[in-house]
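Chemist: Pasting a structure here, questions to come.
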Amino acid sequence: MEFKDAVDSGAADGEEFGGWTLHRLRHSALTHDAEVGTFTPTLLARSRHASVRSLERYARPGGDAVARHVAERDPAARHLS
């Protein structure tokens, strides 16, 4: 569904998505993409933000995602496997 069609149908206020607004769905998708390591330029392109600064409010990986990212890149852990 295109955004304009969603707004016209009333979906933008959350009726069609179980209380989730299109804005919250977009925020959630960007956060999940950031958590799995999607590169910043890709997040910028997908979100259509012009700057990283404007993307910051949407792409907020949780503590578990950050810990997983650090653990996956730990040189000591790589030598153990």
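Identifiers in the structure tokens: chain A, B, ... in order shown; residue index from 1 per chain; ligand index from 1 in order shown.
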Give me, as a list in words, all polymer residues having an atom no more than 6 Å from range 32-40 of chain A, counting only C-alpha atoms and skipping those fewer than 6 positions away in the same chain.
Modeler: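 That gives Ala59, Pro61 and Ala65 of chain A.
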Chemist: Using C-alpha atoms, can you export the residues from the last selection as an mmCIF file, in the first residue's frame?
Modeler:
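Written out: result12.cif:
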data_model
loop_
_atom_site.group_PDB
_atom_site.id
_atom_site.type_symbol
_atom_site.label_atom_id
_atom_site.label_comp_id
_atom_site.auth_asym_id
_atom_site.auth_seq_id
_atom_site.Cartn_x
_atom_site.Cartn_y
_atom_site.Cartn_z
ATOM 1 C CA ALA A 59 17.873 3.622 13.922
ATOM 2 C CA PRO A 61 19.729 -0.664 18.074
ATOM 3 C CA ALA A 65 22.182 -5.943 19.299
#
Chemist: What's the separation between CA of Leu30 in chain A and CA of Leu55 in chain A, in Å to one decimal place?
Modeler: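 Calculated distance between CA of Leu30 in chain A and CA of Leu55 in chain A is 8.9 Å.
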Chemist: Provide the CA of Arg68 in chain A to CA of Arg53 in chain A distance in Å, to one decimal place.
Modeler: 23.8 Å
Chemist: Apply DSSP to the backbone of this structure and, from range 15-61 of chain A, keep only the residues in alpha helix (DSSP H); write these as number ranges by chain.
Modeler: A: 22-35, 40-47, 52-55
Chemist: In Å, rounded to a single decimal, give me how far CA of Gly19 in chain A is from CA of Arg57 in chain A.
Modeler: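 Straight-line distance from CA of Arg57 in chain A to CA of Gly19 in chain A works out to 20.7 Å.
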